[in-house]
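Undergrad: TSV, N, CA and C atoms, file start-v5.tsv:
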chain	number	residue	atom	x	y	z
I	1	MET	N	1.96	24.78	-12.63
I	1	MET	CA	3.15	23.98	-12.81
I	1	MET	C	2.87	22.75	-13.67
I	2	MET	N	1.73	22.10	-13.46
I	2	MET	CA	1.43	20.87	-14.17
I	2	MET	C	0.79	21.10	-15.53
I	3	LYS	N	0.49	22.34	-15.88
I	3	LYS	CA	-0.15	22.63	-17.16
I	3	LYS	C	0.74	22.22	-18.33
I	4	ASP	N	2.04	22.46	-18.22
I	4	ASP	CA	2.96	22.20	-19.31
I	4	ASP	C	3.57	20.80	-19.27
I	5	MET	N	3.21	19.99	-18.28
I	5	MET	CA	3.81	18.66	-18.15
I	5	MET	C	3.08	17.66	-19.04
I	6	LYS	N	3.82	16.69	-19.55
I	6	LYS	CA	3.25	15.61	-20.33
I	6	LYS	C	2.65	14.57	-19.38
I	7	PRO	N	1.72	13.71	-19.85
I	7	PRO	CA	1.09	12.71	-18.97
I	7	PRO	C	2.10	11.79	-18.28
I	8	ASP	N	3.15	11.39	-18.97
I	8	ASP	CA	4.16	10.52	-18.35
I	8	ASP	C	4.89	11.25	-17.23
I	9	ALA	N	5.17	12.53	-17.43
I	9	ALA	CA	5.85	13.31	-16.40
I	9	ALA	C	4.95	13.51	-15.18
I	10	ILE	N	3.65	13.71	-15.42
I	10	ILE	CA	2.71	13.84	-14.31
I	10	ILE	C	2.63	12.54	-13.52
I	11	GLU	N	2.55	11.42	-14.24
I	11	GLU	CA	2.50	10.12	-13.58
I	11	GLU	C	3.74	9.87	-12.73
I	12	LYS	N	4.91	10.21	-13.26
I	12	LYS	CA	6.16	10.03	-12.51
I	12	LYS	C	6.18	10.94	-11.28
I	13	TYR	N	5.73	12.16	-11.43
I	13	TYR	CA	5.69	13.11	-10.32
I	13	TYR	C	4.78	12.59	-9.20
I	14	ILE	N	3.60	12.10	-9.56
I	14	ILE	CA	2.66	11.57	-8.57
I	14	ILE	C	3.21	10.32	-7.90
I	15	ARG	N	3.79	9.40	-8.69
I	15	ARG	CA	4.38	8.17	-8.14
I	15	ARG	C	5.49	8.50	-7.15
I	16	ASP	N	6.36	9.43	-7.52
I	16	ASP	CA	7.46	9.83	-6.62
I	16	ASP	C	6.93	10.46	-5.34
I	17	ALA	N	5.88	11.28	-5.46
I	17	ALA	CA	5.30	11.93	-4.27
I	17	ALA	C	4.67	10.90	-3.33
I	18	ILE	N	3.96	9.93	-3.89
I	18	ILE	CA	3.32	8.90	-3.05
I	18	ILE	C	4.38	8.02	-2.39
I	19	GLU	N	5.40	7.61	-3.15
I	19	GLU	CA	6.45	6.76	-2.59
I	19	GLU	C	7.24	7.47	-1.50
I	20	ALA	N	7.32	8.79	-1.58
I	20	ALA	CA	8.05	9.55	-0.56
I	20	ALA	C	7.32	9.50	0.78
I	21	TYR	N	6.00	9.37	0.75
I	21	TYR	CA	5.21	9.36	1.98
I	21	TYR	C	4.90	7.96	2.50
I	22	LEU	N	5.10	6.92	1.68
I	22	LEU	CA	4.82	5.55	2.12
I	22	LEU	C	6.00	4.98	2.90
I	23	PRO	N	5.75	4.09	3.86
I	23	PRO	CA	6.85	3.45	4.56
I	23	PRO	C	7.62	2.52	3.62
I	24	LYS	N	8.87	2.23	3.97
I	24	LYS	CA	9.71	1.35	3.16
I	24	LYS	C	9.07	-0.03	3.08
I	25	GLY	N	9.19	-0.69	1.92
I	25	GLY	CA	8.65	-2.03	1.73
I	25	GLY	C	7.25	-2.06	1.15
I	26	THR	N	6.58	-0.91	1.02
I	26	THR	CA	5.23	-0.89	0.48
I	26	THR	C	5.18	-0.36	-0.94
I	27	GLU	N	6.33	-0.19	-1.58
I	27	GLU	CA	6.37	0.37	-2.92
I	27	GLU	C	5.61	-0.49	-3.92
I	28	ASN	N	5.62	-1.84	-3.72
I	28	ASN	CA	4.97	-2.74	-4.68
I	28	ASN	C	3.50	-2.95	-4.36
I	29	ALA	N	2.97	-2.33	-3.32
I	29	ALA	CA	1.58	-2.54	-2.94
I	29	ALA	C	0.63	-1.80	-3.88
I	30	PHE	N	1.09	-0.77	-4.58
I	30	PHE	CA	0.24	0.01	-5.46
I	30	PHE	C	0.82	-0.02	-6.87
I	31	HIS	N	-0.06	-0.23	-7.85
I	31	HIS	CA	0.39	-0.30	-9.24
I	31	HIS	C	-0.28	0.82	-10.02
I	32	PHE	N	0.52	1.75	-10.50
I	32	PHE	CA	-0.01	2.88	-11.24
I	32	PHE	C	0.24	2.75	-12.73
I	33	SER	N	1.07	1.85	-13.13
I	33	SER	CA	1.52	1.78	-14.50
I	33	SER	C	0.45	1.25	-15.44
I	34	ARG	N	0.39	1.80	-16.64
I	34	ARG	CA	-0.54	1.32	-17.65
I	34	ARG	C	-0.06	0.01	-18.26
I	35	GLU	N	1.21	-0.31	-18.12
I	35	GLU	CA	1.74	-1.52	-18.73
I	35	GLU	C	1.29	-2.78	-18.01
I	36	GLU	N	0.82	-2.69	-16.77
I	36	GLU	CA	0.46	-3.86	-15.98
I	36	GLU	C	-0.96	-3.71	-15.44
I	37	PRO	N	-1.98	-3.69	-16.30
I	37	PRO	CA	-3.33	-3.45	-15.82
I	37	PRO	C	-3.93	-4.60	-15.04
I	38	ASP	N	-3.40	-5.82	-15.17
I	38	ASP	CA	-4.00	-6.96	-14.49
I	38	ASP	C	-3.43	-7.20	-13.10
I	39	GLY	N	-2.58	-6.34	-12.60
I	39	GLY	CA	-2.03	-6.50	-11.26
I	39	GLY	C	-0.80	-7.38	-11.22
I	40	GLN	N	-0.30	-7.84	-12.36
I	40	GLN	CA	0.87	-8.70	-12.39
I	40	GLN	C	2.12	-7.85	-12.44
I	41	THR	N	3.11	-8.21	-11.64
I	41	THR	CA	4.35	-7.47	-11.62
I	41	THR	C	5.52	-8.42	-11.75
I	42	THR	N	6.62	-7.91	-12.22
I	42	THR	CA	7.86	-8.66	-12.23
I	42	THR	C	8.77	-8.01	-11.22
I	43	VAL	N	9.14	-8.79	-10.21
I	43	VAL	CA	9.90	-8.26	-9.09
I	43	VAL	C	11.30	-8.84	-9.11
I	44	PRO	N	12.35	-7.99	-9.20
I	44	PRO	CA	13.70	-8.53	-9.13
I	44	PRO	C	14.05	-8.88	-7.68
I	45	ALA	N	14.80	-9.96	-7.51
I	45	ALA	CA	15.23	-10.34	-6.17
I	45	ALA	C	16.28	-9.36	-5.69
I	46	ALA	N	16.41	-9.22	-4.39
I	46	ALA	CA	17.34	-8.26	-3.82
I	46	ALA	C	18.78	-8.68	-4.04
I	47	SER	N	19.06	-9.98	-4.07
I	47	SER	CA	20.45	-10.42	-4.08
I	47	SER	C	20.95	-10.89	-5.44
I	48	THR	N	20.09	-11.26	-6.37
I	48	THR	CA	20.55	-11.78	-7.66
I	48	THR	C	19.71	-11.21	-8.79
I	49	GLN	N	19.95	-11.73	-9.99
I	49	GLN	CA	19.24	-11.26	-11.16
I	49	GLN	C	18.00	-12.08	-11.48
I	50	SER	N	17.64	-13.10	-10.68
I	50	SER	CA	16.46	-13.92	-10.95
I	50	SER	C	15.20	-13.07	-10.91
I	51	GLN	N	14.30	-13.35	-11.81
I	51	GLN	CA	13.05	-12.61	-11.89
I	51	GLN	C	11.91	-13.50	-11.43
I	52	ALA	N	11.00	-12.95	-10.67
I	52	ALA	CA	9.80	-13.64	-10.24
I	52	ALA	C	8.60	-12.85	-10.69
I	53	SER	N	7.61	-13.55	-11.19
I	53	SER	CA	6.35	-12.92	-11.53
I	53	SER	C	5.43	-13.15	-10.34
I	54	ILE	N	5.06	-12.08	-9.65
I	54	ILE	CA	4.23	-12.18	-8.46
I	54	ILE	C	2.95	-11.41	-8.71
I	55	PHE	N	1.80	-12.07	-8.52
I	55	PHE	CA	0.53	-11.39	-8.73
I	55	PHE	C	-0.50	-11.85	-7.72
I	56	VAL	N	-1.53	-11.03	-7.56
I	56	VAL	CA	-2.56	-11.22	-6.55
I	56	VAL	C	-3.89	-11.50	-7.23
I	57	THR	N	-4.64	-12.47	-6.70
I	57	THR	CA	-6.02	-12.67	-7.10
I	57	THR	C	-6.89	-12.36	-5.88
I	58	HIS	N	-8.18	-12.66	-5.98
I	58	HIS	CA	-9.06	-12.38	-4.85
I	58	HIS	C	-8.68	-13.19	-3.61
I	59	ASP	N	-8.26	-14.45	-3.81
I	59	ASP	CA	-8.00	-15.34	-2.69
I	59	ASP	C	-6.55	-15.75	-2.50
I	60	TYR	N	-5.71	-15.56	-3.51
I	60	TYR	CA	-4.34	-16.08	-3.46
I	60	TYR	C	-3.32	-15.04	-3.92
I	61	VAL	N	-2.06	-15.31	-3.53
I	61	VAL	CA	-0.91	-14.60	-4.07
I	61	VAL	C	-0.07	-15.68	-4.76
I	62	TYR	N	0.23	-15.48	-6.04
I	62	TYR	CA	1.01	-16.44	-6.81
I	62	TYR	C	2.40	-15.87	-7.07
I	63	ALA	N	3.40	-16.73	-7.01
I	63	ALA	CA	4.76	-16.36	-7.41
I	63	ALA	C	5.24	-17.42	-8.38
I	64	ARG	N	5.78	-17.00	-9.51
I	64	ARG	CA	6.29	-17.94	-10.53
I	64	ARG	C	7.72	-17.56	-10.87
I	65	LEU	N	8.60	-18.58	-10.83
I	65	LEU	CA	10.02	-18.39	-11.14
I	65	LEU	C	10.48	-19.47	-12.10
I	66	PRO	N	11.29	-19.11	-13.08
I	66	PRO	CA	11.88	-20.15	-13.94
I	66	PRO	C	13.01	-20.85	-13.18
I	67	ILE	N	13.03	-22.19	-13.27
I	67	ILE	CA	14.12	-22.96	-12.66
I	67	ILE	C	14.59	-24.00	-13.65
I	68	SER	N	15.81	-24.50	-13.44
I	68	SER	CA	16.35	-25.54	-14.31
I	68	SER	C	15.89	-26.90	-13.81
I	69	GLU	N	15.75	-27.85	-14.73
I	69	GLU	CA	15.30	-29.20	-14.39
I	69	GLU	C	16.29	-29.87	-13.45
I	70	GLY	N	15.79	-30.65	-12.51
I	70	GLY	CA	16.65	-31.36	-11.56
I	70	GLY	C	17.09	-30.52	-10.39
I	71	ASN	N	16.72	-29.25	-10.36
I	71	ASN	CA	17.13	-28.34	-9.30
I	71	ASN	C	16.12	-28.30	-8.16
I	72	GLU	N	14.91	-28.88	-8.37
I	72	GLU	CA	13.84	-28.72	-7.39
I	72	GLU	C	14.04	-29.52	-6.11
I	73	GLU	N	14.92	-30.53	-6.09
I	73	GLU	CA	15.13	-31.31	-4.87
I	73	GLU	C	15.83	-30.50	-3.78
I	74	ASN	N	16.68	-29.56	-4.17
I	74	ASN	CA	17.46	-28.79	-3.20
I	74	ASN	C	16.78	-27.51	-2.75
I	75	ILE	N	15.73	-27.09	-3.42
I	75	ILE	CA	15.09	-25.81	-3.12
I	75	ILE	C	14.31	-25.90	-1.81
I	76	ARG	N	14.47	-24.90	-0.98
I	76	ARG	CA	13.72	-24.77	0.27
I	76	ARG	C	12.93	-23.47	0.21
I	77	LEU	N	11.63	-23.55	0.52
I	77	LEU	CA	10.74	-22.39	0.45
I	77	LEU	C	10.25	-22.03	1.84
I	78	TYR	N	10.26	-20.73	2.15
I	78	TYR	CA	9.77	-20.21	3.42
I	78	TYR	C	9.00	-18.94	3.13
I	79	HIS	N	8.10	-18.58	4.04
I	79	HIS	CA	7.43	-17.29	3.89
I	79	HIS	C	6.99	-16.75	5.23
I	80	THR	N	6.93	-15.43	5.29
I	80	THR	CA	6.35	-14.72	6.43
I	80	THR	C	5.02	-14.17	5.93
I	81	SER	N	4.38	-13.34	6.71
I	81	SER	CA	3.10	-12.80	6.27
I	81	SER	C	3.24	-11.85	5.08
I	82	ASN	N	4.45	-11.33	4.84
I	82	ASN	CA	4.62	-10.38	3.73
I	82	ASN	C	5.87	-10.60	2.90
I	83	GLN	N	6.54	-11.75	3.05
I	83	GLN	CA	7.79	-11.97	2.32
I	83	GLN	C	7.93	-13.44	1.95
I	84	LEU	N	8.47	-13.72	0.76
I	84	LEU	CA	8.75	-15.06	0.27
I	84	LEU	C	10.26	-15.24	0.23
I	85	ILE	N	10.76	-16.35	0.81
I	85	ILE	CA	12.20	-16.62	0.87
I	85	ILE	C	12.46	-17.96	0.20
I	86	ILE	N	13.39	-17.98	-0.74
I	86	ILE	CA	13.73	-19.20	-1.47
I	86	ILE	C	15.21	-19.44	-1.30
I	87	GLU	N	15.56	-20.61	-0.75
I	87	GLU	CA	16.97	-20.98	-0.56
I	87	GLU	C	17.39	-21.96	-1.64
I	88	ASN	N	18.69	-21.93	-1.97
I	88	ASN	CA	19.34	-22.80	-2.95
I	88	ASN	C	18.82	-22.57	-4.38
I	89	LEU	N	18.44	-21.37	-4.67
I	89	LEU	CA	18.05	-21.00	-6.02
I	89	LEU	C	18.66	-19.65	-6.33
I	90	PRO	N	19.33	-19.42	-7.40
I	90	PRO	CA	19.59	-20.28	-8.54
I	90	PRO	C	20.68	-21.32	-8.30
I	91	GLY	N	21.50	-21.16	-7.27
I	91	GLY	CA	22.55	-22.13	-7.00
I	91	GLY	C	22.56	-22.55	-5.54
I	92	GLN	N	23.33	-23.56	-5.25
I	92	GLN	CA	23.43	-24.08	-3.88
I	92	GLN	C	23.98	-23.00	-2.95
I	93	GLY	N	23.32	-22.81	-1.81
I	93	GLY	CA	23.77	-21.84	-0.83
I	93	GLY	C	23.30	-20.42	-1.08
I	94	GLU	N	22.63	-20.17	-2.18
I	94	GLU	CA	22.13	-18.82	-2.48
I	94	GLU	C	20.72	-18.66	-1.93
I	95	LYS	N	20.31	-17.42	-1.74
I	95	LYS	CA	19.03	-17.12	-1.12
I	95	LYS	C	18.37	-15.96	-1.85
I	96	LEU	N	17.09	-16.13	-2.20
I	96	LEU	CA	16.30	-15.08	-2.82
I	96	LEU	C	15.22	-14.65	-1.85
I	97	SER	N	14.89	-13.37	-1.88
I	97	SER	CA	13.86	-12.83	-1.00
I	97	SER	C	13.00	-11.87	-1.80
I	98	TYR	N	11.67	-12.04	-1.71
I	98	TYR	CA	10.73	-11.21	-2.44
I	98	TYR	C	9.70	-10.65	-1.48
I	99	ASP	N	9.36	-9.38	-1.61
I	99	ASP	CA	8.28	-8.78	-0.85
I	99	ASP	C	6.97	-9.13	-1.54
I	100	LEU	N	5.98	-9.57	-0.77
I	100	LEU	CA	4.69	-9.94	-1.33
I	100	LEU	C	3.78	-8.72	-1.40
I	101	PRO	N	2.93	-8.63	-2.42
I	101	PRO	CA	2.06	-7.47	-2.57
I	101	PRO	C	0.84	-7.47	-1.66
I	102	ALA	N	0.59	-8.59	-0.94
I	102	ALA	CA	-0.53	-8.67	-0.01
I	102	ALA	C	-0.12	-9.55	1.16
I	103	VAL	N	-0.81	-9.41	2.28
I	103	VAL	CA	-0.55	-10.21	3.46
I	103	VAL	C	-1.11	-11.61	3.22
I	104	VAL	N	-0.34	-12.66	3.60
I	104	VAL	CA	-0.76	-14.04	3.39
I	104	VAL	C	-0.88	-14.78	4.71
I	105	LYS	N	-1.62	-15.89	4.68
I	105	LYS	CA	-1.81	-16.71	5.87
I	105	LYS	C	-0.57	-17.54	6.14
I	106	LYS	N	-0.43	-17.97	7.38
I	106	LYS	CA	0.73	-18.73	7.81
I	106	LYS	C	0.73	-20.15	7.24
I	107	LYS	N	-0.42	-20.77	7.15
I	107	LYS	CA	-0.54	-22.16	6.70
I	107	LYS	C	-1.27	-22.24	5.36
I	108	GLY	N	-1.10	-23.36	4.66
I	108	GLY	CA	-1.87	-23.63	3.45
I	108	GLY	C	-1.18	-23.31	2.14
I	109	ALA	N	0.06	-22.88	2.16
I	109	ALA	CA	0.76	-22.56	0.91
I	109	ALA	C	1.16	-23.86	0.21
I	110	THR	N	1.16	-23.83	-1.12
I	110	THR	CA	1.58	-24.98	-1.92
I	110	THR	C	2.56	-24.53	-2.99
I	111	ALA	N	3.36	-25.48	-3.47
I	111	ALA	CA	4.32	-25.17	-4.54
I	111	ALA	C	4.40	-26.37	-5.47
I	112	SER	N	4.60	-26.09	-6.76
I	112	SER	CA	4.75	-27.15	-7.74
I	112	SER	C	5.68	-26.68	-8.86
I	113	VAL	N	6.25	-27.66	-9.56
I	113	VAL	CA	7.12	-27.35	-10.69
I	113	VAL	C	6.52	-28.00	-11.93
I	114	ARG	N	6.33	-27.19	-12.97
I	114	ARG	CA	5.78	-27.70	-14.22
I	114	ARG	C	6.40	-26.92	-15.36
I	115	ASP	N	6.92	-27.63	-16.35
I	115	ASP	CA	7.51	-27.02	-17.54
I	115	ASP	C	8.61	-26.01	-17.20
I	116	GLY	N	9.42	-26.31	-16.18
I	116	GLY	CA	10.53	-25.44	-15.82
I	116	GLY	C	10.13	-24.19	-15.07
I	117	ILE	N	8.90	-24.15	-14.55
I	117	ILE	CA	8.41	-23.00	-13.79
I	117	ILE	C	8.03	-23.46	-12.39
I	118	LEU	N	8.62	-22.83	-11.38
I	118	LEU	CA	8.25	-23.06	-10.00
I	118	LEU	C	7.10	-22.12	-9.68
I	119	GLU	N	5.94	-22.69	-9.30
I	119	GLU	CA	4.77	-21.87	-8.96
I	119	GLU	C	4.45	-22.06	-7.49
I	120	ILE	N	4.39	-20.96	-6.77
I	120	ILE	CA	4.09	-20.96	-5.34
I	120	ILE	C	2.75	-20.26	-5.16
I	121	LYS	N	1.84	-20.92	-4.45
I	121	LYS	CA	0.49	-20.40	-4.24
I	121	LYS	C	0.29	-20.18	-2.75
I	122	LEU	N	0.11	-18.94	-2.35
I	122	LEU	CA	-0.07	-18.55	-0.95
I	122	LEU	C	-1.49	-18.04	-0.75
I	123	ILE	N	-2.11	-18.39	0.36
I	123	ILE	CA	-3.48	-17.97	0.64
I	123	ILE	C	-3.45	-16.57	1.26
I	124	ARG	N	-4.25	-15.68	0.69
I	124	ARG	CA	-4.32	-14.31	1.22
I	124	ARG	C	-5.00	-14.30	2.58
I	125	ALA	N	-4.52	-13.45	3.46
I	125	ALA	CA	-5.14	-13.25	4.76
I	125	ALA	C	-6.14	-12.11	4.61
I	126	ILE	N	-7.40	-12.45	4.59
I	126	ILE	CA	-8.44	-11.45	4.34
I	126	ILE	C	-8.77	-10.68	5.60
I	127	ASP	N	-8.96	-11.40	6.71
I	127	ASP	CA	-9.37	-10.73	7.95
I	127	ASP	C	-8.14	-10.23	8.70
I	128	VAL	N	-7.85	-8.98	8.50
I	128	VAL	CA	-6.74	-8.35	9.20
I	128	VAL	C	-7.19	-8.10	10.64
I	129	GLN	N	-6.40	-8.56	11.58
I	129	GLN	CA	-6.78	-8.39	12.97
I	129	GLN	C	-6.67	-6.92	13.33
I	130	LEU	N	-7.76	-6.40	13.86
I	130	LEU	CA	-7.84	-5.00	14.21
I	130	LEU	C	-8.03	-4.90	15.71
I	131	SER	N	-7.17	-4.16	16.36
I	131	SER	CA	-7.25	-3.98	17.80
I	131	SER	C	-7.45	-2.50	18.11
I	132	GLU	N	-8.38	-2.24	19.00
I	132	GLU	CA	-8.64	-0.85	19.41
I	132	GLU	C	-7.66	-0.47	20.52
I	133	ILE	N	-7.20	0.75	20.46
I	133	ILE	CA	-6.30	1.28	21.49
I	133	ILE	C	-7.07	2.30	22.29
I	134	ASN	N	-7.16	2.07	23.57
I	134	ASN	CA	-7.90	2.98	24.46
I	134	ASN	C	-7.05	4.19	24.80
I	135	LEU	N	-7.68	5.35	24.78
I	135	LEU	CA	-7.01	6.58	25.21
I	135	LEU	C	-7.03	6.66	26.73
I	136	ILE	N	-5.93	7.06	27.29
I	136	ILE	CA	-5.84	7.17	28.76
I	136	ILE	C	-6.05	8.61	29.17
Please go through the file and, once you have read it, give me the structure as structure tokens.
TA:
Amino acid sequence: MMKDMKPDAIEKYIRDAIEAYLPKGTENAFHFSREEPDGQTTVPAASTQSQASIFVTHDYVYARLPISEGNEENIRLYHTSNQLIIENLPGQGEKLSYDLPAVVKKKGATASVRDGILEIKLIRAIDVQLSEINLI
């Protein structure tokens, strides 16, 4: 079956097969595309057209969003271990939500605005708590 398929068709077939078996919300955890070799992705928000560039390094998860000047006083930032929530962006009363590509720690996140870009730096949670389940 795959003998006559082109490389792009094979890649799409494999991506679709893997996504069919993964739980919901983990689609952005794996990057197969040749266009993004450095692990950087552009993730559209669920509710609006704002684009965020979210990428992972060894120790951090970075999120960068373009914002207009003077808008940073009203912005409220929140995060869970796997999701970033931004309130009052792009407008007052609006809410953006992004799935993070890696699990992050609860404390230690920072945010800054420079040259019209909001940059959020979250610390990766390296030690995933592992609990053994005893068989009865």
Undergrad: Enter the distance from CA of Lys105 (chain I) to atom N of Leu89 (chain I), in Å, rounded to one decimal.
TA: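 Interatomic distance, CA of Lys105 (chain I) to atom N of Leu89 (chain I): 23.3 Å.
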Undergrad: Could you work out how far CA of Gly116 (chain I) lies from CA of Gly70 (chain I), giving the answer in Å with one decimal?
TA: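 For CA of Gly70 (chain I) relative to CA of Gly116 (chain I), the distance reads 9.5 Å.
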Undergrad: Which of these, I:Ile123, I:Pro7, I:Ile117, I:Glu87, has the shortest distance to Val104 (chain I) once you count only N, CA and C atoms?
TA: I:Ile123
Undergrad: Between atom C of Glu94 (chain I) and atom N of Pro66 (chain I), what is the distance, to one decimal in Å?
TA: 14.6 Å
Undergrad: Which neighbours of Arg64 (chain I) fall inside 6.5 Å, counting all atoms listed in the file, when residues of the same chain fewer than 2 positions from it are skipped, and could you give them as a list in words?
TA: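 These residues fall inside the cut-off: Gln51, Ala52, Ser53, Ile54, Phe55, Tyr62, Pro66, Ile117, Leu118, Glu119 and Ile120 of chain I.
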Undergrad: Got a sec: who's within 8 Å of His79 (chain I), counting all atoms listed in the file, leaving out chain neighbours fewer than 4 positions off, as a list in words?
TA: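 Listing them by chain and then by number gives Gln83, Leu84, Ile85, Ile86, Lys105 and Lys106 of chain I.
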